[in-house]
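Source file target28.cif; content: mmCIF, C-alpha atoms.
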data_run
loop_
_atom_site.label_atom_id
_atom_site.label_comp_id
_atom_site.auth_asym_id
_atom_site.auth_seq_id
_atom_site.Cartn_x
_atom_site.Cartn_y
_atom_site.Cartn_z
CA MET D 1 0.00 0.00 0.00
CA ASN D 2 1.31 3.41 -0.92
CA THR D 3 0.64 5.47 2.18
CA THR D 4 1.84 8.88 1.04
CA MET D 5 -0.06 11.56 -0.84
CA ALA D 6 0.99 13.24 -4.06
CA PRO D 7 1.67 16.98 -3.58
CA GLU D 8 -1.28 17.83 -5.86
CA GLN D 9 -3.64 15.78 -3.71
CA LEU D 10 -2.52 17.55 -0.55
CA ILE D 11 -2.93 21.00 -2.06
CA HIS D 12 -6.30 20.08 -3.52
CA GLN D 13 -7.55 19.07 -0.09
CA LEU D 14 -6.09 22.12 1.67
CA ASN D 15 -7.85 24.32 -0.86
CA TRP D 16 -11.03 22.30 -0.44
CA ARG D 17 -11.18 22.88 3.31
CA TYR D 18 -12.61 26.08 4.78
CA ALA D 19 -13.97 27.20 8.13
CA THR D 20 -17.38 25.60 7.74
CA LYS D 21 -20.14 27.91 8.92
CA GLN D 22 -23.05 25.58 8.34
CA PHE D 23 -22.86 21.84 8.83
CA ASP D 24 -25.31 19.26 7.53
CA PRO D 25 -26.77 18.13 10.88
CA LYS D 26 -27.84 14.79 9.38
CA ARG D 27 -24.40 13.61 8.30
CA LYS D 28 -22.24 11.88 10.89
CA ILE D 29 -18.53 11.09 10.63
CA PRO D 30 -18.16 7.28 10.32
CA ASP D 31 -16.52 5.59 13.33
CA ARG D 32 -13.48 4.53 11.30
CA ASP D 33 -12.76 8.12 10.25
CA TRP D 34 -13.37 9.51 13.71
CA ALA D 35 -11.05 6.91 15.23
CA ALA D 36 -8.36 8.12 12.82
CA LEU D 37 -8.88 11.74 13.85
CA GLU D 38 -8.62 10.78 17.51
CA GLN D 39 -5.44 8.89 16.75
CA ALA D 40 -4.10 11.89 14.80
CA LEU D 41 -4.75 14.12 17.83
CA LEU D 42 -3.06 11.61 20.11
CA LEU D 43 -0.01 11.53 17.81
CA THR D 44 0.38 15.32 17.73
CA PRO D 45 4.01 16.30 18.29
CA SER D 46 4.84 18.67 21.15
CA SER D 47 7.89 20.35 22.60
CA CYS D 48 9.89 17.77 24.60
CA GLY D 49 7.06 15.36 23.77
CA LEU D 50 5.22 16.59 26.87
CA GLN D 51 1.68 16.61 25.39
CA PRO D 52 0.42 19.24 27.85
CA TRP D 53 -3.20 18.85 26.80
CA ALA D 54 -6.51 17.07 26.98
CA PHE D 55 -9.15 16.65 24.28
CA ILE D 56 -12.74 16.77 25.44
CA GLU D 57 -15.29 15.15 23.15
CA VAL D 58 -18.69 16.59 23.90
CA LYS D 59 -21.46 14.20 22.85
CA ASP D 60 -24.23 15.16 25.27
CA PRO D 61 -26.67 17.38 23.30
CA ALA D 62 -27.63 19.28 26.46
CA VAL D 63 -24.00 20.21 27.10
CA ARG D 64 -23.54 21.20 23.47
CA ALA D 65 -26.55 23.48 23.78
CA LYS D 66 -24.98 25.12 26.84
CA LEU D 67 -21.70 25.60 24.96
CA GLN D 68 -23.53 27.13 22.02
CA ALA D 69 -24.89 29.82 24.33
CA VAL D 70 -21.31 30.87 25.21
CA SER D 71 -20.07 30.62 21.61
CA TRP D 72 -21.99 33.58 20.17
CA GLY D 73 -24.80 31.18 19.36
CA GLN D 74 -22.90 29.70 16.44
CA SER D 75 -24.81 26.78 14.91
CA GLN D 76 -21.76 24.58 14.35
CA ILE D 77 -21.60 23.83 18.07
CA VAL D 78 -24.84 21.86 17.89
CA ASP D 79 -25.04 20.94 14.19
CA ALA D 80 -21.59 19.46 13.57
CA SER D 81 -21.22 15.70 13.77
CA HIS D 82 -18.44 15.93 16.37
CA LEU D 83 -17.21 18.59 18.77
CA VAL D 84 -13.88 18.51 20.53
CA VAL D 85 -12.62 21.06 23.02
CA LEU D 86 -8.85 21.36 23.00
CA ALA D 87 -7.57 22.22 26.48
CA TYR D 88 -4.12 22.81 27.94
CA LYS D 89 -2.62 21.92 31.29
CA SER D 90 -2.83 25.24 33.10
CA ASN D 91 -0.71 24.23 36.11
CA LEU D 92 2.04 22.19 34.49
CA GLY D 93 4.53 21.05 37.11
CA GLU D 94 7.11 18.48 38.21
CA GLY D 95 4.43 15.78 38.29
CA ASP D 96 3.81 16.21 34.57
CA LEU D 97 7.51 15.79 33.85
CA ASP D 98 7.53 12.63 35.96
CA ALA D 99 4.48 11.23 34.16
CA HIS D 100 6.20 11.82 30.81
CA ILE D 101 9.47 10.23 31.97
CA LYS D 102 7.57 7.23 33.35
CA ARG D 103 5.77 6.80 30.05
CA ILE D 104 9.00 6.98 28.02
CA ALA D 105 10.56 4.34 30.30
CA GLU D 106 7.48 2.14 29.88
CA VAL D 107 7.19 2.45 26.08
CA ARG D 108 10.90 2.20 25.33
CA GLY D 109 11.86 -0.28 28.02
CA VAL D 110 14.50 1.90 29.65
CA GLU D 111 15.18 2.79 33.29
CA VAL D 112 13.85 6.07 34.68
CA LYS D 113 17.36 6.89 35.95
CA GLU D 114 18.70 6.74 32.38
CA LEU D 115 16.35 9.62 31.59
CA ALA D 116 17.60 11.89 34.39
CA GLY D 117 19.49 14.16 31.98
CA PHE D 118 16.42 14.64 29.79
CA ARG D 119 14.27 15.33 32.84
CA ALA D 120 16.76 17.93 34.12
CA MET D 121 16.74 19.61 30.69
CA MET D 122 12.94 19.82 30.70
CA ALA D 123 12.89 21.11 34.29
CA GLY D 124 15.46 23.78 33.42
CA LEU D 125 13.43 24.90 30.42
CA LEU D 126 9.94 24.79 31.91
CA ILE D 127 10.11 24.82 35.72
CA GLN D 128 13.15 26.96 36.49
CA GLY D 129 13.04 28.82 33.17
CA LEU D 130 9.40 29.96 33.27
CA ASP D 131 6.98 31.28 35.87
CA GLY D 132 3.42 29.98 36.18
CA ALA D 133 2.02 32.33 33.54
CA GLY D 134 4.89 31.48 31.19
CA ARG D 135 4.28 27.78 31.63
CA ALA D 136 0.57 28.17 30.95
CA ALA D 137 1.35 30.18 27.80
CA TRP D 138 3.83 27.53 26.71
CA ALA D 139 1.26 24.76 27.20
CA ARG D 140 -1.37 26.78 25.39
CA ASN D 141 0.97 27.24 22.43
CA GLN D 142 1.37 23.49 22.11
CA VAL D 143 -2.37 22.98 21.78
CA TYR D 144 -2.32 25.05 18.60
CA ILE D 145 -0.01 22.42 17.10
CA ALA D 146 -2.74 19.89 17.85
CA LEU D 147 -5.29 22.16 16.19
CA GLY D 148 -3.15 22.59 13.06
CA ASN D 149 -2.58 18.86 12.90
CA LEU D 150 -6.30 18.11 13.38
CA LEU D 151 -7.44 20.55 10.69
CA THR D 152 -4.97 19.18 8.14
CA ALA D 153 -5.74 15.58 9.09
CA ALA D 154 -9.46 16.26 8.64
CA ALA D 155 -8.83 17.98 5.30
CA VAL D 156 -6.88 15.06 3.84
CA LEU D 157 -9.65 12.68 4.92
CA GLY D 158 -12.26 14.90 3.28
CA ILE D 159 -13.90 15.89 6.56
CA ASP D 160 -15.04 19.45 7.15
CA ALA D 161 -14.11 21.42 10.22
CA CYS D 162 -14.53 24.78 11.87
CA PRO D 163 -12.14 25.86 14.61
CA MET D 164 -13.36 28.56 16.98
CA GLU D 165 -11.16 30.61 19.25
CA GLY D 166 -13.60 33.46 19.87
CA ILE D 167 -15.65 31.64 22.45
CA ASP D 168 -16.11 32.38 26.14
CA ARG D 169 -13.29 30.18 27.32
CA ALA D 170 -13.93 30.77 31.02
CA GLN D 171 -17.53 29.63 30.53
CA TYR D 172 -16.29 26.56 28.66
CA ASP D 173 -14.04 25.76 31.63
CA ALA D 174 -17.01 26.11 33.97
CA ILE D 175 -19.48 24.08 31.90
CA LEU D 176 -16.96 21.28 31.33
CA ASP D 177 -15.63 21.48 34.90
CA LEU D 178 -12.04 21.74 33.66
CA SER D 179 -10.36 23.89 36.32
CA LYS D 180 -10.27 21.24 39.01
CA LYS D 181 -8.64 18.89 36.50
CA GLY D 182 -5.86 21.48 35.97
CA LEU D 183 -7.11 22.21 32.47
CA ALA D 184 -8.17 25.34 30.60
CA THR D 185 -9.90 25.68 27.24
CA ALA D 186 -7.74 26.81 24.32
CA MET D 187 -10.32 26.52 21.53
CA VAL D 188 -13.02 24.28 20.14
CA ALA D 189 -13.09 22.37 16.86
CA THR D 190 -16.32 21.26 15.24
CA LEU D 191 -16.14 18.55 12.58
CA GLY D 192 -18.53 16.96 10.15
CA TYR D 193 -19.78 17.75 6.65
CA ARG D 194 -20.67 21.09 5.12
CA SER D 195 -24.26 21.90 4.27
CA ASP D 196 -24.96 22.62 0.61
CA ALA D 197 -26.65 25.78 1.88
CA ASP D 198 -23.43 27.20 3.38
CA LYS D 199 -22.74 30.24 1.24
CA TYR D 200 -19.17 30.41 2.60
CA GLY D 201 -18.36 27.08 0.94
CA GLY D 202 -18.25 28.63 -2.50
CA LEU D 203 -16.25 31.76 -1.70
CA PRO D 204 -12.67 32.11 -2.98
CA LYS D 205 -10.11 31.45 -0.24
CA VAL D 206 -8.38 34.59 1.04
CA ARG D 207 -4.65 34.39 1.69
CA PHE D 208 -1.94 36.98 1.31
CA SER D 209 0.31 36.64 -1.74
CA LYS D 210 3.30 34.41 -1.36
CA LYS D 211 5.61 37.40 -1.65
CA ASP D 212 3.95 39.04 1.36
CA VAL D 213 4.41 36.00 3.59
CA PHE D 214 7.71 34.38 2.55
CA ILE D 215 11.15 35.86 3.01
CA GLU D 216 14.17 34.20 1.44
CA ILE D 217 17.60 34.57 2.97
CA MET V 1 -8.34 11.77 -9.33
CA ASN V 2 -9.19 10.73 -5.78
CA THR V 3 -7.61 13.44 -3.68
CA THR V 4 -8.40 12.19 -0.19
CA MET V 5 -6.46 9.74 1.94
CA ALA V 6 -7.79 6.60 3.58
CA PRO V 7 -7.70 6.80 7.40
CA GLU V 8 -5.13 3.97 7.52
CA GLN V 9 -2.80 5.88 5.21
CA LEU V 10 -2.98 8.99 7.36
CA ILE V 11 -2.27 7.09 10.57
CA HIS V 12 0.55 5.17 8.93
CA GLN V 13 2.23 8.42 7.94
CA LEU V 14 1.68 10.08 11.33
CA ASN V 15 3.28 7.08 12.99
CA TRP V 16 6.10 7.14 10.44
CA ARG V 17 7.06 10.74 11.24
CA TYR V 18 9.27 11.61 14.21
CA ALA V 19 11.41 14.54 15.27
CA THR V 20 14.34 13.73 13.03
CA LYS V 21 17.63 14.17 14.85
CA GLN V 22 19.94 13.34 11.97
CA PHE V 23 19.20 14.22 8.37
CA ASP V 24 20.87 12.80 5.29
CA PRO V 25 22.72 15.94 4.13
CA LYS V 26 22.88 14.64 0.56
CA ARG V 27 19.14 14.29 -0.02
CA LYS V 28 17.26 17.37 -1.12
CA ILE V 29 13.49 17.83 -1.22
CA PRO V 30 12.39 17.98 -4.89
CA ASP V 31 11.10 21.38 -6.02
CA ARG V 32 7.61 20.03 -6.63
CA ASP V 33 7.33 18.76 -3.06
CA TRP V 34 8.82 21.91 -1.57
CA ALA V 35 6.41 24.06 -3.57
CA ALA V 36 3.56 22.04 -2.04
CA LEU V 37 4.88 22.59 1.48
CA GLU V 38 5.16 26.33 0.84
CA GLN V 39 1.61 26.31 -0.45
CA ALA V 40 0.47 24.35 2.59
CA LEU V 41 2.05 26.97 4.86
CA LEU V 42 0.41 29.75 2.86
CA LEU V 43 -2.98 28.03 3.20
CA THR V 44 -2.73 27.63 6.99
CA PRO V 45 -5.96 28.71 8.68
CA SER V 46 -5.80 31.43 11.34
CA SER V 47 -8.19 33.19 13.66
CA CYS V 48 -10.19 35.77 11.66
CA GLY V 49 -8.03 34.70 8.70
CA LEU V 50 -5.46 37.29 9.78
CA GLN V 51 -2.32 35.24 9.03
CA PRO V 52 -0.17 37.16 11.53
CA TRP V 53 3.07 35.55 10.40
CA ALA V 54 5.99 35.32 8.04
CA PHE V 55 7.95 32.26 6.95
CA ILE V 56 11.67 32.77 6.46
CA GLU V 57 13.41 30.25 4.25
CA VAL V 58 17.09 30.25 5.05
CA LYS V 59 19.16 29.00 2.12
CA ASP V 60 22.47 30.79 2.70
CA PRO V 61 24.83 28.21 4.28
CA ALA V 62 26.69 30.95 6.18
CA VAL V 63 23.46 32.11 7.82
CA ARG V 64 22.49 28.52 8.64
CA ALA V 65 25.89 28.08 10.34
CA LYS V 66 25.20 31.19 12.44
CA LEU V 67 21.76 29.86 13.39
CA GLN V 68 23.25 26.50 14.36
CA ALA V 69 25.46 28.27 16.88
CA VAL V 70 22.37 29.65 18.65
CA SER V 71 20.44 26.34 18.38
CA TRP V 72 22.53 24.30 20.83
CA GLY V 73 24.72 23.26 17.89
CA GLN V 74 22.05 20.88 16.58
CA SER V 75 23.10 19.36 13.26
CA GLN V 76 19.65 19.55 11.65
CA ILE V 77 20.07 23.30 11.20
CA VAL V 78 22.83 22.77 8.63
CA ASP V 79 22.15 19.20 7.44
CA ALA V 80 18.46 19.34 6.60
CA SER V 81 17.47 19.98 3.02
CA HIS V 82 15.32 22.98 3.95
CA LEU V 83 15.04 25.28 6.93
CA VAL V 84 12.14 27.59 7.63
CA VAL V 85 11.83 29.99 10.53
CA LEU V 86 8.23 30.59 11.53
CA ALA V 87 7.81 34.12 12.84
CA TYR V 88 4.86 36.09 14.17
CA LYS V 89 3.87 39.72 13.82
CA SER V 90 4.99 41.12 17.16
CA ASN V 91 3.33 44.54 16.78
CA LEU V 92 0.04 43.64 15.20
CA GLY V 93 -2.09 46.74 14.73
CA GLU V 94 -4.80 48.53 12.78
CA GLY V 95 -2.67 48.42 9.63
CA ASP V 96 -2.71 44.63 9.68
CA LEU V 97 -6.49 44.61 9.91
CA ASP V 98 -6.65 47.01 6.96
CA ALA V 99 -4.30 44.85 4.89
CA HIS V 100 -6.49 41.82 5.56
CA ILE V 101 -9.70 43.68 4.70
CA LYS V 102 -8.12 45.01 1.50
CA ARG V 103 -7.08 41.51 0.51
CA ILE V 104 -10.55 40.06 1.16
CA ALA V 105 -12.09 42.83 -0.97
CA GLU V 106 -9.57 42.11 -3.75
CA VAL V 107 -9.95 38.32 -3.77
CA ARG V 108 -13.73 38.24 -3.35
CA GLY V 109 -14.58 41.31 -5.42
CA VAL V 110 -16.45 43.12 -2.67
CA GLU V 111 -16.28 46.71 -1.41
CA VAL V 112 -14.15 47.51 1.64
CA LYS V 113 -17.17 49.25 3.18
CA GLU V 114 -19.17 46.02 3.04
CA LEU V 115 -16.55 44.54 5.38
CA ALA V 116 -16.84 47.28 8.02
CA GLY V 117 -18.71 45.01 10.43
CA PHE V 118 -16.09 42.29 10.18
CA ARG V 119 -13.31 44.84 10.66
CA ALA V 120 -15.01 46.24 13.76
CA MET V 121 -15.37 42.72 15.17
CA MET V 122 -11.64 42.04 14.67
CA ALA V 123 -10.70 45.41 16.17
CA GLY V 124 -12.88 44.73 19.21
CA LEU V 125 -11.29 41.34 19.72
CA LEU V 126 -7.66 42.19 19.06
CA ILE V 127 -7.10 45.94 19.38
CA GLN V 128 -9.54 47.02 22.10
CA GLY V 129 -9.70 43.56 23.67
CA LEU V 130 -5.98 42.93 24.12
CA ASP V 131 -2.92 44.92 25.13
CA GLY V 132 0.37 44.73 23.19
CA ALA V 133 1.62 41.67 25.05
CA GLY V 134 -1.73 39.94 24.61
CA ARG V 135 -1.72 40.66 20.88
CA ALA V 136 1.81 39.30 20.52
CA ALA V 137 0.83 36.15 22.43
CA TRP V 138 -2.23 35.78 20.21
CA ALA V 139 -0.14 36.10 17.05
CA ARG V 140 2.43 33.67 18.40
CA ASN V 141 -0.33 31.12 19.10
CA GLN V 142 -1.43 31.27 15.49
CA VAL V 143 2.04 30.34 14.25
CA TYR V 144 1.74 27.03 16.08
CA ILE V 145 -1.23 26.22 13.83
CA ALA V 146 1.11 26.74 10.88
CA LEU V 147 3.66 24.45 12.52
CA GLY V 148 1.08 21.71 13.13
CA ASN V 149 -0.15 22.02 9.56
CA LEU V 150 3.41 21.94 8.16
CA LEU V 151 4.42 18.85 10.14
CA THR V 152 1.31 16.92 9.10
CA ALA V 153 1.62 18.09 5.50
CA ALA V 154 5.25 16.92 5.42
CA ALA V 155 4.31 13.59 7.00
CA VAL V 156 1.64 12.79 4.42
CA LEU V 157 4.10 13.62 1.63
CA GLY V 158 6.71 11.32 3.21
CA ILE V 159 9.07 14.16 4.09
CA ASP V 160 10.90 14.18 7.41
CA ALA V 161 10.94 17.14 9.72
CA CYS V 162 12.22 18.34 13.05
CA PRO V 163 10.63 21.33 14.73
CA MET V 164 12.72 23.17 17.32
CA GLU V 165 11.38 25.56 19.89
CA GLY V 166 14.35 25.46 22.28
CA ILE V 167 16.50 27.84 20.28
CA ASP V 168 17.78 31.29 21.18
CA ARG V 169 14.88 33.15 19.63
CA ALA V 170 16.30 36.61 20.34
CA GLN V 171 19.49 35.64 18.51
CA TYR V 172 17.41 34.32 15.61
CA ASP V 173 15.65 37.69 15.45
CA ALA V 174 19.03 39.45 15.40
CA ILE V 175 20.67 37.20 12.79
CA LEU V 176 17.64 37.34 10.49
CA ASP V 177 17.04 41.05 11.18
CA LEU V 178 13.40 40.43 12.03
CA SER V 179 12.65 43.11 14.63
CA LYS V 180 12.61 46.01 12.24
CA LYS V 181 10.15 44.09 10.08
CA GLY V 182 7.84 43.79 13.11
CA LEU V 183 8.49 40.07 13.35
CA ALA V 184 9.71 37.74 16.08
CA THR V 185 10.81 34.11 15.86
CA ALA V 186 8.36 31.52 17.18
CA MET V 187 10.26 28.37 16.20
CA VAL V 188 12.24 26.76 13.41
CA ALA V 189 11.35 23.74 11.30
CA THR V 190 13.99 21.70 9.49
CA LEU V 191 12.83 19.41 6.69
CA GLY V 192 14.41 16.76 4.49
CA TYR V 193 15.09 13.04 4.81
CA ARG V 194 16.25 11.04 7.81
CA SER V 195 19.70 9.52 7.84
CA ASP V 196 19.81 5.73 8.18
CA ALA V 197 22.23 6.37 11.04
CA ASP V 198 19.64 8.25 13.13
CA LYS V 199 19.10 5.96 16.10
CA TYR V 200 15.94 7.89 17.03
CA GLY V 201 14.28 6.75 13.80
CA GLY V 202 13.79 3.24 15.12
CA LEU V 203 12.52 4.06 18.62
CA PRO V 204 8.89 3.39 19.55
CA LYS V 205 6.83 6.58 19.58
CA VAL V 206 5.95 7.80 23.06
CA ARG V 207 2.43 9.10 23.62
CA PHE V 208 0.16 8.95 26.64
CA SER V 209 -2.63 6.38 26.52
CA LYS V 210 -5.83 7.50 24.92
CA LYS V 211 -7.62 7.29 28.29
CA ASP V 212 -5.15 9.80 29.77
CA VAL V 213 -5.71 12.37 27.04
CA PHE V 214 -9.37 12.09 26.00
CA ILE V 215 -12.36 12.99 28.12
CA GLU V 216 -15.87 12.13 26.96
CA ILE V 217 -18.82 14.20 28.09
#

Would you mind writing the file out in structure tokens?
Amino acid sequence: MNTTMAPEQLIHQLNWRYATKQFDPKRKIPDRDWAALEQALLLTPSSCGLQPWAFIEVKDPAVRAKLQAVSWGQSQIVDASHLVVLAYKSNLGEGDLDAHIKRIAEVRGVEVKELAGFRAMMAGLLIQGLDGAGRAAWARNQVYIALGNLLTAAAVLGIDACPMEGIDRAQYDAILDLSKKGLATAMVATLGYRSDADKYGGLPKVRFSKKDVFIEI
Amino acid sequence: MNTTMAPEQLIHQLNWRYATKQFDPKRKIPDRDWAALEQALLLTPSSCGLQPWAFIEVKDPAVRAKLQAVSWGQSQIVDASHLVVLAYKSNLGEGDLDAHIKRIAEVRGVEVKELAGFRAMMAGLLIQGLDGAGRAAWARNQVYIALGNLLTAAAVLGIDACPMEGIDRAQYDAILDLSKKGLATAMVATLGYRSDADKYGGLPKVRFSKKDVFIEI
């Protein structure tokens, strides 16, 4: 099986995707495709491999209705096949480094003590090198890698998506009870299939010219 | 032409990728593939579509040697086929909103005045709603979407990559003369092909278990 894409296929799919404003509420993402998107999220790379995040899949229609009310009433929150809230670890600490080290030891069959140098490097960077606000900002940054990965993964599978950052994140935290888990909402992604009625689907994509974005040195 | 990927292909490629520590310095990314990665970067989605970034392709070997010296001496900086610094607009302001509005009008053939409501919404969110540090943090967040997109795009094309955040970003800004362009380094991505000698290529990928990362509500 050839598992790679041709460059033309990739670009076709990235042009095909857009921030879907209106989903077809009747179309659901098949389990096999959704499992792949979950796996893609799980495989997201992060700095030091620390994965300072959690992904909250909201399936309960009553909770989705509550979230819609704090998302400027946008219809995607209730109409999309799937909704995932991407959250970051807002109080990252020594325990998170230990959990990561333990997992590396487990997966790679090495001793924790062999990883002491790597742990000290991470602690220098994140614990000694940053204050609480800096660590939270660092963790929040990483979640945007997950978002970029998710949107591209969905696009290559032919699944529509709409990411939303302009939501009431504090209200999301409250509704989903995230604070006591040490988590805070970064953004939400809605996924499914565009409605034929979505007038945004047919609009030309707006990007700056290549010359305005790329610098060659 | 079928332009989508099967879920199994996507997951195969996301498992295949890893943060490449040692590139084969002799293998170069073909122009056609590199053009697709540039296009993928250009097509990266961003909040409000504002694209608050620039992508600096460093081709000059002397400049790459200087960057290596402020990147903990990591070999990827000089050995990888391509190097791109992902930078964010550090002084985002009204002019950037105007540039975006102008571009939308141009691409979609609408009048600037028809976009007044959208401009006011963006200004409320980013200019009135955030101070300078908040705006810079917002712009920096967006660049991580570009990084996530780039890494997944490279993976599905079968191109190796190593992102690096732990670099001396202030020195990058100085060497690349970014400050006076209103830009600041977020991270660097090196791309090319793994060396057979890279011992990290064969290691099992470390991720938390699905149950530790996903929450269902």

- Task: Please provide the set of residues having any atom within 6 Å of Thr4 (chain V), restricted to all atoms listed in the file, with same-chain residues fewer than 3 positions apart removed, written as a PyMOL selection string.
- Result: chain D and resi 156-158

Go through chain D and flag each residue having an atom no more than 6 Å from chain V; for those, report the closest pair of atoms plus their distance in Å to one decimal, using all atoms listed in the file, ordered by chain and rising number, as CSV.
residue,atom,partner,partner_atom,distance
D:Thr3,CA,V:Gln9,CA,4.6
D:Thr4,CA,V:Val156,CA,5.2
D:Met5,CA,V:Leu157,CA,5.3
D:Pro7,CA,V:Ala36,CA,5.6
D:Gln9,CA,V:Thr3,CA,4.6
D:Asp33,CA,V:Pro7,CA,6.0
D:Ala36,CA,V:Pro7,CA,5.6
D:Ala54,CA,V:Val213,CA,4.8
D:Phe55,CA,V:Phe214,CA,4.9
D:Ile56,CA,V:Ile215,CA,4.6
D:Glu57,CA,V:Glu216,CA,4.9
D:Val58,CA,V:Ile217,CA,4.8
D:Lys59,CA,V:Ile217,CA,5.9
D:Ile104,CA,V:Val206,CA,5.9
D:Asn141,CA,V:Asn141,CA,5.3
D:Tyr144,CA,V:Ile145,CA,5.0
D:Ile145,CA,V:Gly148,CA,4.2
D:Gly148,CA,V:Ile145,CA,4.2
D:Asn149,CA,V:Gly148,CA,4.6
D:Thr152,CA,V:Asn149,CA,5.8
D:Val156,CA,V:Thr4,CA,5.2
D:Leu157,CA,V:Met5,CA,5.3
D:Gly158,CA,V:Thr4,CA,5.9
D:Val206,CA,V:Ile104,CA,5.9
D:Val213,CA,V:Ala54,CA,4.8
D:Phe214,CA,V:Phe55,CA,4.9
D:Ile215,CA,V:Ile56,CA,4.7
D:Glu216,CA,V:Glu57,CA,4.9
D:Ile217,CA,V:Val58,CA,4.8

Fewer than 2 positions away in the same chain doesn't count, so skip those; otherwise give me all residues within 7 Å of region 181-194 of chain V, counting only C-alpha atoms, as a JSON list (two decimals) with C-alpha atoms, keeping the file's coordinate frame.
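Output file part09.json follows:
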[["chain", "number", "residue", "atom", "x", "y", "z"],
["V", 20, "THR", "CA", 14.34, 13.73, 13.03],
["V", 22, "GLN", "CA", 19.94, 13.34, 11.97],
["V", 23, "PHE", "CA", 19.20, 14.22, 8.37],
["V", 24, "ASP", "CA", 20.87, 12.80, 5.29],
["V", 27, "ARG", "CA", 19.14, 14.29, -0.02],
["V", 28, "LYS", "CA", 17.26, 17.37, -1.12],
["V", 29, "ILE", "CA", 13.49, 17.83, -1.22],
["V", 76, "GLN", "CA", 19.65, 19.55, 11.65],
["V", 77, "ILE", "CA", 20.07, 23.30, 11.20],
["V", 80, "ALA", "CA", 18.46, 19.34, 6.60],
["V", 81, "SER", "CA", 17.47, 19.98, 3.02],
["V", 82, "HIS", "CA", 15.32, 22.98, 3.95],
["V", 83, "LEU", "CA", 15.04, 25.28, 6.93],
["V", 84, "VAL", "CA", 12.14, 27.59, 7.63],
["V", 85, "VAL", "CA", 11.83, 29.99, 10.53],
["V", 86, "LEU", "CA", 8.23, 30.59, 11.53],
["V", 87, "ALA", "CA", 7.81, 34.12, 12.84],
["V", 88, "TYR", "CA", 4.86, 36.09, 14.17],
["V", 89, "LYS", "CA", 3.87, 39.72, 13.82],
["V", 90, "SER", "CA", 4.99, 41.12, 17.16],
["V", 91, "ASN", "CA", 3.33, 44.54, 16.78],
["V", 140, "ARG", "CA", 2.43, 33.67, 18.40],
["V", 159, "ILE", "CA", 9.07, 14.16, 4.09],
["V", 160, "ASP", "CA", 10.90, 14.18, 7.41],
["V", 161, "ALA", "CA", 10.94, 17.14, 9.72],
["V", 162, "CYS", "CA", 12.22, 18.34, 13.05],
["V", 163, "PRO", "CA", 10.63, 21.33, 14.73],
["V", 164, "MET", "CA", 12.72, 23.17, 17.32],
["V", 165, "GLU", "CA", 11.38, 25.56, 19.89],
["V", 169, "ARG", "CA", 14.88, 33.15, 19.63],
["V", 172, "TYR", "CA", 17.41, 34.32, 15.61],
["V", 173, "ASP", "CA", 15.65, 37.69, 15.45],
["V", 178, "LEU", "CA", 13.40, 40.43, 12.03],
["V", 179, "SER", "CA", 12.65, 43.11, 14.63],
["V", 196, "ASP", "CA", 19.81, 5.73, 8.18],
["V", 198, "ASP", "CA", 19.64, 8.25, 13.13]]

- Item | Point-to-point distance from CA of Lys180 (chain D) to CA of Gly132 (chain D), Å rounded to tenths |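 About the pair CA of Lys180 (chain D) and CA of Gly132 (chain D): they are 16.5 Å apart.
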
- With a distance cut-off of 12 Å and all atoms listed in the file, select the neighbouring residues of Ala116 (chain V), excluding the residue or stretch itself and same-chain residues fewer than 4 positions from it, and output the selection as JSON, numbers by chain. {"V": [97, 98, 100, 101, 102, 104, 105, 110, 111, 112, 120, 121, 122, 123]}

- Could you work out how far CA of Asp168 (chain V) lies from CA of Val70 (chain V), giving the answer in Å with one decimal? 5.5 Å

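Across the model, the gap from CA of Arg135 (chain V) to CA of Arg135 (chain D) is 17.8 Å.
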
- Which is closer to Gly73 (chain D) than all the others in D:Lys113, D:Ile167, D:Ala174, D:Ile127, using only C-alpha atoms?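 Under the stated criterion, the closest residue is D:Ile167.
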